[in-house]
>>> print(open('run29.txt').read())   # compact mmCIF, C-alpha atoms
# COMPACT_ATOMS: atom_id res chain seq x y z
CA MET S 1 41.84 144.36 162.12
CA HIS S 2 40.36 144.93 158.67
CA VAL S 3 43.80 144.62 157.07
CA LEU S 4 44.44 141.34 158.89
CA HIS S 5 41.03 140.04 157.86
CA HIS S 6 41.81 140.60 154.17
CA ALA S 7 45.39 139.37 154.50
CA GLU S 8 43.91 136.16 155.89
CA GLU S 9 41.75 135.79 152.76
CA GLY S 10 44.75 136.17 150.45
CA GLU S 11 47.50 138.54 149.45
CA LEU S 12 46.68 142.23 149.31
CA PHE S 13 48.46 145.38 148.27
CA GLY S 14 48.25 148.90 149.65
CA ASN S 15 46.22 150.70 146.98
CA TRP S 16 43.67 147.88 146.93
CA MET S 17 43.37 148.13 150.72
CA ILE S 18 42.84 151.91 150.52
CA GLU S 19 39.98 151.37 148.06
CA GLU S 20 38.51 148.54 150.15
CA LEU S 21 38.49 150.75 153.24
CA ARG S 22 36.88 153.58 151.25
CA HIS S 23 34.17 151.15 150.20
CA HIS S 24 33.41 150.74 153.92
CA GLY S 25 33.38 154.48 154.60
CA TYR S 26 36.97 154.95 155.81
CA LYS S 27 39.04 157.68 154.18
CA ILE S 28 42.63 156.64 154.73
CA SER S 29 45.60 158.05 152.86
CA ALA S 30 48.67 156.23 151.59
CA GLY S 31 50.63 158.26 154.15
CA THR S 32 48.63 156.55 156.89
CA LEU S 33 48.25 153.05 155.45
CA TYR S 34 51.80 152.33 154.33
CA PRO S 35 53.42 153.15 157.70
CA MET S 36 50.75 150.96 159.31
CA LEU S 37 51.58 148.08 156.94
CA ARG S 38 55.30 148.50 157.68
CA ARG S 39 54.56 148.45 161.42
CA MET S 40 52.39 145.35 161.09
CA GLU S 41 55.21 143.70 159.15
CA LYS S 42 57.77 144.74 161.78
CA ASP S 43 55.50 143.32 164.49
CA GLY S 44 55.34 140.04 162.58
CA TRP S 45 51.59 140.15 161.79
CA ILE S 46 52.01 140.29 158.02
CA LYS S 47 54.76 139.38 155.57
CA GLY S 48 55.43 141.47 152.48
CA ARG S 49 57.04 140.53 149.20
CA GLU S 50 57.74 142.34 145.94
CA GLU S 51 55.28 141.27 143.25
CA GLY S 52 57.96 140.64 140.63
CA ARG S 53 61.08 141.92 139.01
CA GLY S 54 61.03 145.68 138.82
CA ALA S 55 57.49 145.81 140.21
CA ARG S 56 56.70 148.62 142.60
CA ARG S 57 53.82 146.77 144.20
CA ARG S 58 54.35 144.97 147.49
CA LEU S 59 52.00 142.13 148.37
CA TYR S 60 51.17 141.27 151.96
CA ARG S 61 49.87 138.10 153.57
CA ILE S 62 49.04 137.18 157.13
CA THR S 63 51.52 135.28 159.31
CA PRO S 64 50.79 132.81 162.13
CA LYS S 65 51.39 135.65 164.62
CA GLY S 66 48.90 137.80 162.66
CA ARG S 67 46.32 134.99 162.75
CA THR S 68 46.67 134.89 166.53
CA ALA S 69 46.25 138.68 166.78
CA LEU S 70 43.19 138.54 164.50
CA ARG S 71 41.64 135.70 166.50
CA GLU S 72 42.13 137.69 169.73
CA ALA S 73 40.67 140.86 168.18
CA ARG S 74 37.63 138.94 166.94
CA ALA S 75 37.07 137.48 170.42
CA ARG S 76 37.23 140.98 171.95
CA LEU S 77 34.80 142.32 169.36
CA LYS S 78 32.35 139.51 170.06
CA GLU S 79 32.53 140.30 173.77
CA LEU S 80 31.98 144.01 173.08
CA PHE S 81 29.00 143.32 170.80
CA ARG S 82 27.44 141.05 173.43
CA GLU S 83 27.87 143.72 176.09
CA VAL S 84 26.68 146.63 173.96
CA GLY S 85 23.77 144.67 172.53
CA THR S 86 22.46 143.59 175.93
CA LYS S 87 20.01 145.79 177.85
CA THR S 88 20.79 145.63 181.53
CA GLY S 89 18.39 148.27 182.81
CA LYS S 90 21.23 149.93 184.72
CA GLY S 91 21.87 153.63 184.57
CA GLY S 92 19.77 156.21 182.85
CA ALA S 93 19.43 156.60 179.12
>>> encode(input="run29.txt", output="structure tokens")
Amino acid sequence: MHVLHHAEEGELFGNWMIEELRHHGYKISAGTLYPMLRRMEKDGWIKGREEGRGARRRLYRITPKGRTALREARARLKELFREVGTKTGKGGA
């Protein structure tokens, strides 16, 4: 979800995303992120392109299908936050 959020804001590349996630307390390796980016691209959520001639950096942006997935994930998170943030008095602790 975090990757889609930033891909919605503009193009991103893998090393930048690793640093962004670290900034938020996630320690993710390139060996984890890059397969995830490839899978997201295969699933049609993001689209990658080479930055330029001979460049090794691949830039990713969100696709319409990715926007739909992000919208659905945000709706589920809102529902979860409403449920978790509400005291119902049921149960014990």
>>> axis_aligned_box(input="run29.txt", around="stretch 58-71 of chain S", padding_each_side="3 Å", output="AutoDock Vina command-line options")
--center_x 48.0 --center_y 138.9 --center_z 157.1 --size_x 18.7 --size_y 18.2 --size_z 25.3
>>> closest_residue(input="run29.txt", among="S:Gly52, S:Gly85, S:Gly44, S:Gly25", to="S:Ala69", atoms="all atoms listed in the file")
S:Gly44
>>> closest_residue(input="run29.txt", among="S:Glu19, S:Glu79, S:Glu51, S:Glu41", to="S:Thr63", atoms="only C-alpha atoms")
S:Glu41
>>> atom_distance(input="run29.txt", atom1="atom CA of S:Arg53", atom2="atom CA of S:Leu33")
23.6 Å
>>> residues_around(input="run29.txt", residues="stretch 2-16 of chain S", least_positions_apart="4", cutoff="10 Å", atoms="only C-alpha atoms", output="CSV table (one decimal) with C-alpha atoms, in the frame of the given file")
chain,number,residue,atom,x,y,z
S,20,GLU,CA,38.5,148.5,150.2
S,21,LEU,CA,38.5,150.8,153.2
S,22,ARG,CA,36.9,153.6,151.2
S,29,SER,CA,45.6,158.0,152.9
S,30,ALA,CA,48.7,156.2,151.6
S,33,LEU,CA,48.2,153.0,155.4
S,34,TYR,CA,51.8,152.3,154.3
S,36,MET,CA,50.8,151.0,159.3
S,37,LEU,CA,51.6,148.1,156.9
S,40,MET,CA,52.4,145.4,161.1
S,45,TRP,CA,51.6,140.2,161.8
S,46,ILE,CA,52.0,140.3,158.0
S,47,LYS,CA,54.8,139.4,155.6
S,48,GLY,CA,55.4,141.5,152.5
S,49,ARG,CA,57.0,140.5,149.2
S,51,GLU,CA,55.3,141.3,143.2
S,57,ARG,CA,53.8,146.8,144.2
S,58,ARG,CA,54.4,145.0,147.5
S,59,LEU,CA,52.0,142.1,148.4
S,60,TYR,CA,51.2,141.3,152.0
S,61,ARG,CA,49.9,138.1,153.6
S,62,ILE,CA,49.0,137.2,157.1
S,63,THR,CA,51.5,135.3,159.3
S,64,PRO,CA,50.8,132.8,162.1
S,66,GLY,CA,48.9,137.8,162.7
S,67,ARG,CA,46.3,135.0,162.8
S,69,ALA,CA,46.2,138.7,166.8
S,70,LEU,CA,43.2,138.5,164.5
S,71,ARG,CA,41.6,135.7,166.5
S,74,ARG,CA,37.6,138.9,166.9
>>> atom_distance(input="run29.txt", atom1="atom CA of S:Lys27", atom2="atom CA of S:Ala75")
26.0 Å
>>> atom_distance(input="run29.txt", atom1="atom CA of S:Asp43", atom2="atom CA of S:Gly31")
18.8 Å
>>> closest_residue(input="run29.txt", among="S:Lys65, S:Met1, S:Ala73, S:Phe81", to="S:Lys42", atoms="all atoms listed in the file")
S:Lys65
>>> decode(input="run29.txt", residues="stretch 10-63 of chain S", atoms="C-alpha atoms", output="PDB file, in the first residue's frame")
ATOM      1  CA  GLY S  10       4.710  10.555  -8.830  1.00  0.00           C
ATOM      2  CA  GLU S  11       7.340   8.252 -10.223  1.00  0.00           C
ATOM      3  CA  LEU S  12       9.531   6.396  -7.771  1.00  0.00           C
ATOM      4  CA  PHE S  13      12.507   4.098  -7.964  1.00  0.00           C
ATOM      5  CA  GLY S  14      13.501   1.158  -5.798  1.00  0.00           C
ATOM      6  CA  ASN S  15      16.366   2.591  -3.747  1.00  0.00           C
ATOM      7  CA  TRP S  16      14.333   5.701  -2.952  1.00  0.00           C
ATOM      8  CA  MET S  17      11.451   3.479  -1.798  1.00  0.00           C
ATOM      9  CA  ILE S  18      13.797   1.462   0.437  1.00  0.00           C
ATOM     10  CA  GLU S  19      14.966   4.680   2.103  1.00  0.00           C
ATOM     11  CA  GLU S  20      11.405   5.995   2.412  1.00  0.00           C
ATOM     12  CA  LEU S  21      10.293   2.801   4.134  1.00  0.00           C
ATOM     13  CA  ARG S  22      13.312   2.969   6.467  1.00  0.00           C
ATOM     14  CA  HIS S  23      12.269   6.497   7.382  1.00  0.00           C
ATOM     15  CA  HIS S  24       8.980   4.965   8.589  1.00  0.00           C
ATOM     16  CA  GLY S  25      10.684   2.200  10.563  1.00  0.00           C
ATOM     17  CA  TYR S  26      10.561  -0.611   7.985  1.00  0.00           C
ATOM     18  CA  LYS S  27      13.795  -2.436   7.220  1.00  0.00           C
ATOM     19  CA  ILE S  28      13.290  -3.911   3.775  1.00  0.00           C
ATOM     20  CA  SER S  29      16.063  -5.211   1.551  1.00  0.00           C
ATOM     21  CA  ALA S  30      16.435  -4.857  -2.196  1.00  0.00           C
ATOM     22  CA  GLY S  31      15.941  -8.625  -2.360  1.00  0.00           C
ATOM     23  CA  THR S  32      12.457  -8.133  -0.933  1.00  0.00           C
ATOM     24  CA  LEU S  33      11.430  -4.867  -2.596  1.00  0.00           C
ATOM     25  CA  TYR S  34      12.420  -5.546  -6.192  1.00  0.00           C
ATOM     26  CA  PRO S  35      10.518  -8.851  -6.486  1.00  0.00           C
ATOM     27  CA  MET S  36       7.525  -7.050  -4.949  1.00  0.00           C
ATOM     28  CA  LEU S  37       7.796  -4.252  -7.530  1.00  0.00           C
ATOM     29  CA  ARG S  38       8.026  -6.824 -10.343  1.00  0.00           C
ATOM     30  CA  ARG S  39       4.949  -8.603  -8.975  1.00  0.00           C
ATOM     31  CA  MET S  40       3.018  -5.341  -8.702  1.00  0.00           C
ATOM     32  CA  GLU S  41       3.989  -4.579 -12.294  1.00  0.00           C
ATOM     33  CA  LYS S  42       2.939  -8.068 -13.431  1.00  0.00           C
ATOM     34  CA  ASP S  43      -0.396  -7.606 -11.627  1.00  0.00           C
ATOM     35  CA  GLY S  44      -0.880  -4.315 -13.475  1.00  0.00           C
ATOM     36  CA  TRP S  45      -0.771  -2.043 -10.397  1.00  0.00           C
ATOM     37  CA  ILE S  46       2.344  -0.137 -11.459  1.00  0.00           C
ATOM     38  CA  LYS S  47       4.136   0.489 -14.735  1.00  0.00           C
ATOM     39  CA  GLY S  48       7.919   0.623 -14.922  1.00  0.00           C
ATOM     40  CA  ARG S  49      10.187   2.325 -17.418  1.00  0.00           C
ATOM     41  CA  GLU S  50      13.934   2.721 -17.804  1.00  0.00           C
ATOM     42  CA  GLU S  51      15.032   6.207 -16.783  1.00  0.00           C
ATOM     43  CA  GLY S  52      17.122   6.797 -19.900  1.00  0.00           C
ATOM     44  CA  ARG S  53      19.641   5.350 -22.259  1.00  0.00           C
ATOM     45  CA  GLY S  54      22.036   3.091 -20.433  1.00  0.00           C
ATOM     46  CA  ALA S  55      20.478   3.980 -17.080  1.00  0.00           C
ATOM     47  CA  ARG S  56      20.168   1.201 -14.563  1.00  0.00           C
ATOM     48  CA  ARG S  57      17.362   2.889 -12.677  1.00  0.00           C
ATOM     49  CA  ARG S  58      13.777   1.852 -13.334  1.00  0.00           C
ATOM     50  CA  LEU S  59      11.026   4.332 -12.526  1.00  0.00           C
ATOM     51  CA  TYR S  60       7.557   3.195 -11.511  1.00  0.00           C
ATOM     52  CA  ARG S  61       4.202   4.934 -11.610  1.00  0.00           C
ATOM     53  CA  ILE S  62       0.718   3.854 -10.625  1.00  0.00           C
ATOM     54  CA  THR S  63      -1.748   2.546 -13.207  1.00  0.00           C
TER      55      THR S  63
END
